[in-house]
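First the structure, in the form of structure tokens, and then the observations on it.
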Amino acid sequence: MSTSSYAPPLATLLSCSLCVVIHVSVLVFDLSSFHYTLSPRIIIYLFPPGDLFRLLTSPYFHGSIMHLGMNMMSTAYLSTVLEKKFGTLPTLHLILALTLLVSSLHTFISFLAYCNPLYSTQKFMLEHSLGYSGVIFTFAILETSTSRAQSRSIYGLFEVPTQLYPWVLLILIQVLMPNISFLGHLSGILVGTLIVNGVLDKSIFPSPDFFRYIEEETRLVPTRVKNHELYVKVPDNFRGISKENEDATNSLFALLVKASSFALKFVRNIVEAVLVITGLGGGGSSPSAPRSTEMTARNAALAAERRALMSDENT
């Protein structure tokens, strides 16, 4: 049996393996994860320059075997789906970029919440968070943005629209496990939403042609690696990770328009997610919607046919 039939692609395998190796090292060598957590207070105020490493290390440390296992199962699925769409090299770049982006946004929002003149809170500044969940929520946004499925099941209990799936999961997990880092998960969702709406993608993600150039024209990726069955070359139909087309401008005006659209969509997603969880909103796609669309198209076709007949009669 081929290895690729049961093993995840290379970038996914490497990220999962790194998390497992780090957790085993913590257990075997009795290391303290406290020194590698994401702590906005330490990073911003107490930082010897070395403490900036927390932005990169915190996602790869986990609090328990259960925490690690749940995150790795989610990563294995979501990262595999994305790697098959993007390729191994872009996925490796994306994982590194998301590790830094999600942690940085988490720290920035914590600082804003502390400096808020209307309602200042130290809660997020004093937290010590760790785990791959923030990156996983970004993966979830990227995956659902390209999914053709109309709805997703929440633990087999009820169905929600695919685009709302990460938001409903965010709220539901927080309700069931209130001690986890809500801001860490939210930061992952925000980064993913900014990427798929074209606000961040071009500033952090090189064009697919750049990755193809590295694969085909340079020796940065050894031939043995490129030919490995777990390595996924950049697909020919891969054009980028955002919904924006390739020639979309990133001018200041365009960014302001996108930011406004993102803010409205953010509020709408939160409201709709709450309505779905409380049972006040509809879960999943309405079965009558396709029928309604079909009838509208049929009526339009009949009207066009009548106009054509009348035109023939007049001539």
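By order of appearance in the structure tokens: chains A, B, ..., then residues from 1 within every chain, and ligands from 1 in the order shown.
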Leaving out A:Glu143 and any residue of its chain fewer than 5 positions from it, which residues lie within 8 Å of it when counting only C-alpha atoms, given as a list in words?
Leu78, Val81 and Leu82 of chain A
Based on DSSP run over this structure's backbone, return all residues of stretch 68-216 of chain A in strand (DSSP E or B), as a compact mmCIF listing (two decimals) with C-alpha atoms, in the first residue's frame.
```txt
# COMPACT_ATOMS: atom_id res chain seq x y z
CA SER A 129 -2.19 31.04 25.96
CA SER A 151 -24.04 23.36 5.16
CA ARG A 152 -21.90 21.70 7.82
CA SER A 153 -22.82 19.52 10.77
CA ILE A 154 -21.93 20.64 14.29
CA PHE A 158 -27.50 20.43 13.94
CA GLU A 159 -26.48 21.95 10.63
CA VAL A 160 -25.29 25.48 9.94
CA PRO A 161 -24.43 27.33 6.69
```
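Put simply, atom CA of A:Leu194 is 16.6 Å away from atom CA of A:Tyr165.
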Using only C-alpha atoms, which protein or nucleic acid residues come within 12 Å of A:Ser32? Drop anything in the same chain fewer than 3 positions from it, and give the result as a PDB file with C-alpha atoms, in the first residue's frame.
```pdb
ATOM      1  CA  ILE A  22       7.587  19.364  21.268  1.00  0.00           C
ATOM      2  CA  HIS A  23       4.898  17.940  23.561  1.00  0.00           C
ATOM      3  CA  SER A  25       9.951  16.707  24.846  1.00  0.00           C
ATOM      4  CA  VAL A  26       8.006  18.690  27.465  1.00  0.00           C
ATOM      5  CA  LEU A  27       6.884  15.440  29.128  1.00  0.00           C
ATOM      6  CA  VAL A  28      10.215  13.612  28.887  1.00  0.00           C
ATOM      7  CA  PHE A  29      12.488  16.468  29.922  1.00  0.00           C
ATOM      8  CA  HIS A  35       8.263  30.016  29.256  1.00  0.00           C
ATOM      9  CA  TYR A  36       6.904  29.547  25.705  1.00  0.00           C
ATOM     10  CA  THR A  37       3.307  30.744  26.043  1.00  0.00           C
ATOM     11  CA  PHE A  61       3.057  23.955  22.717  1.00  0.00           C
ATOM     12  CA  HIS A  62      -0.048  22.315  24.179  1.00  0.00           C
ATOM     13  CA  GLY A  63      -1.427  22.002  27.683  1.00  0.00           C
TER      14      GLY A  63
END
```
Give me, as JSON lines, each residue of stretch 43-122 of chain A that comes within 12 Å of stretch 204-221 of chain A, together with its shortest interatomic pair and the distance in Å at one decimal, counting only C-alpha atoms, with rows ordered by chain and rising residue number.
```
{"residue": "A:Lys85", "atom": "CA", "partner": "A:Pro208", "partner_atom": "CA", "distance": 11.5}
{"residue": "A:Phe86", "atom": "CA", "partner": "A:Pro208", "partner_atom": "CA", "distance": 8.4}
{"residue": "A:Gly87", "atom": "CA", "partner": "A:Phe211", "partner_atom": "CA", "distance": 9.0}
{"residue": "A:Thr88", "atom": "CA", "partner": "A:Phe211", "partner_atom": "CA", "distance": 9.7}
{"residue": "A:Leu89", "atom": "CA", "partner": "A:Phe211", "partner_atom": "CA", "distance": 6.8}
{"residue": "A:Pro90", "atom": "CA", "partner": "A:Phe211", "partner_atom": "CA", "distance": 6.7}
{"residue": "A:Thr91", "atom": "CA", "partner": "A:Phe205", "partner_atom": "CA", "distance": 10.2}
{"residue": "A:Leu92", "atom": "CA", "partner": "A:Phe211", "partner_atom": "CA", "distance": 11.0}
{"residue": "A:His93", "atom": "CA", "partner": "A:Phe205", "partner_atom": "CA", "distance": 7.9}
{"residue": "A:Leu94", "atom": "CA", "partner": "A:Phe205", "partner_atom": "CA", "distance": 7.4}
{"residue": "A:Ile95", "atom": "CA", "partner": "A:Phe205", "partner_atom": "CA", "distance": 11.0}
{"residue": "A:Leu96", "atom": "CA", "partner": "A:Ile204", "partner_atom": "CA", "distance": 10.4}
{"residue": "A:Ala97", "atom": "CA", "partner": "A:Ile204", "partner_atom": "CA", "distance": 7.1}
{"residue": "A:Leu98", "atom": "CA", "partner": "A:Ile204", "partner_atom": "CA", "distance": 9.3}
{"residue": "A:Leu100", "atom": "CA", "partner": "A:Ile204", "partner_atom": "CA", "distance": 10.9}
{"residue": "A:Leu101", "atom": "CA", "partner": "A:Ile204", "partner_atom": "CA", "distance": 9.4}
```
Could those selected residues go to a file with all heavy atoms, as a CSV table (one decimal), in the first residue's frame?
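Below is the file that was written, selection-v6.csv:
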```csv
chain,number,residue,atom,x,y,z
A,85,LYS,N,-5.0,21.8,-2.4
A,85,LYS,CA,-5.4,22.9,-3.3
A,85,LYS,C,-4.3,23.8,-3.6
A,85,LYS,O,-4.2,24.4,-4.7
A,85,LYS,CB,-6.5,23.7,-2.6
A,85,LYS,CG,-7.8,22.9,-2.5
A,85,LYS,CD,-8.9,23.8,-1.8
A,85,LYS,CE,-10.2,23.1,-1.6
A,85,LYS,NZ,-11.2,23.9,-0.9
A,86,PHE,N,-3.4,24.1,-2.6
A,86,PHE,CA,-2.3,25.1,-2.8
A,86,PHE,C,-1.0,24.5,-3.2
A,86,PHE,O,-0.2,25.2,-3.9
A,86,PHE,CB,-2.1,25.9,-1.5
A,86,PHE,CG,-3.4,26.6,-0.9
A,86,PHE,CD1,-3.4,27.0,0.4
A,86,PHE,CD2,-4.5,26.8,-1.7
A,86,PHE,CE1,-4.5,27.7,0.9
A,86,PHE,CE2,-5.6,27.4,-1.3
A,86,PHE,CZ,-5.6,27.9,0.1
A,87,GLY,N,-0.7,23.3,-2.7
A,87,GLY,CA,0.7,22.8,-2.9
A,87,GLY,C,1.4,22.8,-1.6
A,87,GLY,O,1.1,23.5,-0.7
A,88,THR,N,2.5,22.0,-1.5
A,88,THR,CA,3.2,21.9,-0.3
A,88,THR,C,4.0,23.2,0.1
A,88,THR,O,4.0,23.6,1.2
A,88,THR,CB,4.2,20.7,-0.3
A,88,THR,OG1,3.5,19.5,-0.4
A,88,THR,CG2,5.2,20.7,0.9
A,89,LEU,N,4.7,23.7,-0.9
A,89,LEU,CA,5.5,24.9,-0.7
A,89,LEU,C,4.7,26.1,-0.2
A,89,LEU,O,5.0,26.8,0.8
A,89,LEU,CB,6.3,25.3,-1.9
A,89,LEU,CG,7.6,26.1,-1.7
A,89,LEU,CD1,8.5,25.5,-0.7
A,89,LEU,CD2,8.3,26.4,-3.1
A,90,PRO,N,3.6,26.5,-0.9
A,90,PRO,CA,2.7,27.5,-0.4
A,90,PRO,C,2.2,27.3,1.0
A,90,PRO,O,2.0,28.2,1.8
A,90,PRO,CB,1.6,27.6,-1.5
A,90,PRO,CG,2.2,27.1,-2.7
A,90,PRO,CD,3.1,26.0,-2.2
A,91,THR,N,1.8,26.0,1.3
A,91,THR,CA,1.3,25.7,2.6
A,91,THR,C,2.3,25.8,3.7
A,91,THR,O,2.0,26.3,4.8
A,91,THR,CB,0.7,24.2,2.6
A,91,THR,OG1,-0.2,24.1,1.5
A,91,THR,CG2,0.1,23.9,3.9
A,92,LEU,N,3.5,25.5,3.4
A,92,LEU,CA,4.6,25.7,4.4
A,92,LEU,C,4.8,27.2,4.7
A,92,LEU,O,4.9,27.6,5.9
A,92,LEU,CB,5.9,25.1,3.9
A,92,LEU,CG,6.1,23.6,4.1
A,92,LEU,CD1,7.4,23.2,3.3
A,92,LEU,CD2,6.2,23.2,5.5
A,93,HIS,N,4.8,28.0,3.7
A,93,HIS,CA,4.9,29.4,3.8
A,93,HIS,C,3.7,30.0,4.6
A,93,HIS,O,3.8,30.8,5.5
A,93,HIS,CB,4.9,30.1,2.5
A,93,HIS,CG,4.9,31.6,2.5
A,93,HIS,ND1,6.0,32.4,2.7
A,93,HIS,CD2,3.8,32.4,2.4
A,93,HIS,CE1,5.6,33.7,2.8
A,93,HIS,NE2,4.3,33.7,2.6
A,94,LEU,N,2.5,29.4,4.3
A,94,LEU,CA,1.3,29.9,4.9
A,94,LEU,C,1.3,29.6,6.4
A,94,LEU,O,0.9,30.4,7.3
A,94,LEU,CB,0.0,29.2,4.3
A,94,LEU,CG,-1.3,29.6,4.8
A,94,LEU,CD1,-1.6,31.1,4.5
A,94,LEU,CD2,-2.4,28.8,4.1
A,95,ILE,N,1.7,28.4,6.8
A,95,ILE,CA,1.8,28.0,8.2
A,95,ILE,C,2.7,28.9,9.0
A,95,ILE,O,2.3,29.4,10.1
A,95,ILE,CB,2.3,26.5,8.3
A,95,ILE,CG1,1.2,25.6,7.8
A,95,ILE,CG2,2.6,26.2,9.7
A,95,ILE,CD1,1.6,24.1,7.7
A,96,LEU,N,3.9,29.2,8.4
A,96,LEU,CA,4.8,30.1,9.1
A,96,LEU,C,4.2,31.5,9.2
A,96,LEU,O,4.3,32.1,10.3
A,96,LEU,CB,6.1,30.1,8.4
A,96,LEU,CG,7.2,31.1,9.0
A,96,LEU,CD1,7.6,30.6,10.4
A,96,LEU,CD2,8.4,31.1,8.1
A,97,ALA,N,3.6,32.0,8.2
A,97,ALA,CA,3.0,33.3,8.2
A,97,ALA,C,1.9,33.4,9.2
A,97,ALA,O,1.7,34.4,10.0
A,97,ALA,CB,2.5,33.7,6.8
A,98,LEU,N,1.0,32.4,9.2
A,98,LEU,CA,-0.1,32.4,10.2
A,98,LEU,C,0.3,32.3,11.6
A,98,LEU,O,-0.3,32.9,12.5
A,98,LEU,CB,-1.1,31.2,9.8
A,98,LEU,CG,-1.8,31.3,8.5
A,98,LEU,CD1,-2.8,30.1,8.3
A,98,LEU,CD2,-2.6,32.6,8.4
A,100,LEU,N,2.9,33.6,13.0
A,100,LEU,CA,3.3,34.9,13.4
A,100,LEU,C,2.1,35.9,13.4
A,100,LEU,O,1.9,36.7,14.3
A,100,LEU,CB,4.4,35.5,12.5
A,100,LEU,CG,5.0,36.8,12.9
A,100,LEU,CD1,5.6,36.8,14.3
A,100,LEU,CD2,6.1,37.2,11.9
A,101,LEU,N,1.2,35.8,12.3
A,101,LEU,CA,0.1,36.8,12.2
A,101,LEU,C,-0.9,36.6,13.3
A,101,LEU,O,-1.4,37.6,13.9
A,101,LEU,CB,-0.5,36.6,10.9
A,101,LEU,CG,0.1,37.3,9.7
A,101,LEU,CD1,-0.6,36.9,8.4
A,101,LEU,CD2,0.0,38.8,9.8
```
Residues of stretch 71-119 of chain A at most 12 Å from stretch 178-186 of chain A: nearest atom pair and distance in Å, only C-alpha atoms, as a tab-separated table:
```
residue	atom	partner	partner_atom	distance
A:Thr99	CA	A:Gly184	CA	11.4
A:Leu101	CA	A:Gly184	CA	11.2
A:Val102	CA	A:Gly184	CA	7.5
A:Ser103	CA	A:Gly184	CA	7.6
A:Ser104	CA	A:Gly184	CA	10.2
A:Leu105	CA	A:Gly184	CA	8.8
A:His106	CA	A:Gly184	CA	6.0
A:Thr107	CA	A:Gly184	CA	9.2
A:Phe108	CA	A:Leu183	CA	10.7
A:Ile109	CA	A:Leu183	CA	8.2
A:Ser110	CA	A:Leu183	CA	8.2
A:Phe111	CA	A:Leu183	CA	11.9
A:Ala113	CA	A:Leu183	CA	10.9
```
Please produce an output containing N, CA and C atoms for each residue in the selection, written as a PDB file, in the first residue's frame.
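Heads up, here's the output in out-v6.pdb:
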```pdb
ATOM      1  N   THR A  99       1.370  31.511  11.842  1.00  0.00           N
ATOM      2  CA  THR A  99       1.898  31.407  13.206  1.00  0.00           C
ATOM      3  C   THR A  99       2.216  32.788  13.759  1.00  0.00           C
ATOM      4  N   LEU A 101       1.239  35.840  12.349  1.00  0.00           N
ATOM      5  CA  LEU A 101       0.129  36.790  12.213  1.00  0.00           C
ATOM      6  C   LEU A 101      -0.911  36.628  13.324  1.00  0.00           C
ATOM      7  N   VAL A 102      -1.317  35.388  13.578  1.00  0.00           N
ATOM      8  CA  VAL A 102      -2.352  35.154  14.590  1.00  0.00           C
ATOM      9  C   VAL A 102      -1.855  35.578  15.965  1.00  0.00           C
ATOM     10  N   SER A 103      -0.619  35.227  16.296  1.00  0.00           N
ATOM     11  CA  SER A 103      -0.061  35.608  17.603  1.00  0.00           C
ATOM     12  C   SER A 103       0.077  37.126  17.723  1.00  0.00           C
ATOM     13  N   SER A 104       0.500  37.773  16.641  1.00  0.00           N
ATOM     14  CA  SER A 104       0.672  39.232  16.667  1.00  0.00           C
ATOM     15  C   SER A 104      -0.667  39.943  16.818  1.00  0.00           C
ATOM     16  N   LEU A 105      -1.686  39.469  16.094  1.00  0.00           N
ATOM     17  CA  LEU A 105      -3.009  40.087  16.205  1.00  0.00           C
ATOM     18  C   LEU A 105      -3.586  39.874  17.601  1.00  0.00           C
ATOM     19  N   HIS A 106      -3.387  38.696  18.149  1.00  0.00           N
ATOM     20  CA  HIS A 106      -3.820  38.402  19.523  1.00  0.00           C
ATOM     21  C   HIS A 106      -3.206  39.407  20.503  1.00  0.00           C
ATOM     22  N   THR A 107      -1.903  39.632  20.365  1.00  0.00           N
ATOM     23  CA  THR A 107      -1.204  40.574  21.249  1.00  0.00           C
ATOM     24  C   THR A 107      -1.703  42.000  21.050  1.00  0.00           C
ATOM     25  N   PHE A 108      -1.922  42.380  19.799  1.00  0.00           N
ATOM     26  CA  PHE A 108      -2.370  43.742  19.487  1.00  0.00           C
ATOM     27  C   PHE A 108      -3.772  44.004  20.041  1.00  0.00           C
ATOM     28  N   ILE A 109      -4.693  43.063  19.869  1.00  0.00           N
ATOM     29  CA  ILE A 109      -6.049  43.241  20.386  1.00  0.00           C
ATOM     30  C   ILE A 109      -6.035  43.294  21.916  1.00  0.00           C
ATOM     31  N   SER A 110      -5.192  42.482  22.544  1.00  0.00           N
ATOM     32  CA  SER A 110      -5.074  42.512  24.007  1.00  0.00           C
ATOM     33  C   SER A 110      -4.650  43.892  24.483  1.00  0.00           C
ATOM     34  N   PHE A 111      -3.700  44.481  23.768  1.00  0.00           N
ATOM     35  CA  PHE A 111      -3.219  45.819  24.130  1.00  0.00           C
ATOM     36  C   PHE A 111      -4.313  46.868  23.922  1.00  0.00           C
ATOM     37  N   ALA A 113      -7.532  46.372  24.067  1.00  0.00           N
ATOM     38  CA  ALA A 113      -8.545  46.183  25.115  1.00  0.00           C
ATOM     39  C   ALA A 113      -8.080  46.801  26.434  1.00  0.00           C
TER      40      ALA A 113
END
```
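Taking atom CA of A:Ala76 and atom CA of A:Thr12 as endpoints, the distance between them is 6.4 Å.
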I'd like the neighbourhood of A:Asp201 as a PyMOL selection string, where a residue qualifies if any of its atoms comes within 10 Å (using only C-alpha atoms), though same-chain residues fewer than 2 positions away should be ignored.
chain A and resi 191-192+194-199+203-207+240-244
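For the pair atom CA of A:Val234 and atom CA of A:Glu83, the interatomic distance is 9.0 Å.
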Where does DSSP see alpha helix (DSSP H) in stretch 75-149 of chain A, if you list the residues as number ranges by chain?
A: 75-86, 88-115, 123-126, 133-145
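When only C-alpha atoms are used to measure the gap to A:Thr80, the shortest distance among A:Tyr6, A:Ala273, A:His228, A:Leu157 belongs to A:Tyr6.
Shortest separation to A:Ile189 among A:Tyr45, A:Phe238, A:Phe266, A:Phe34 occurs at residue A:Phe266, atoms counted being only C-alpha atoms.
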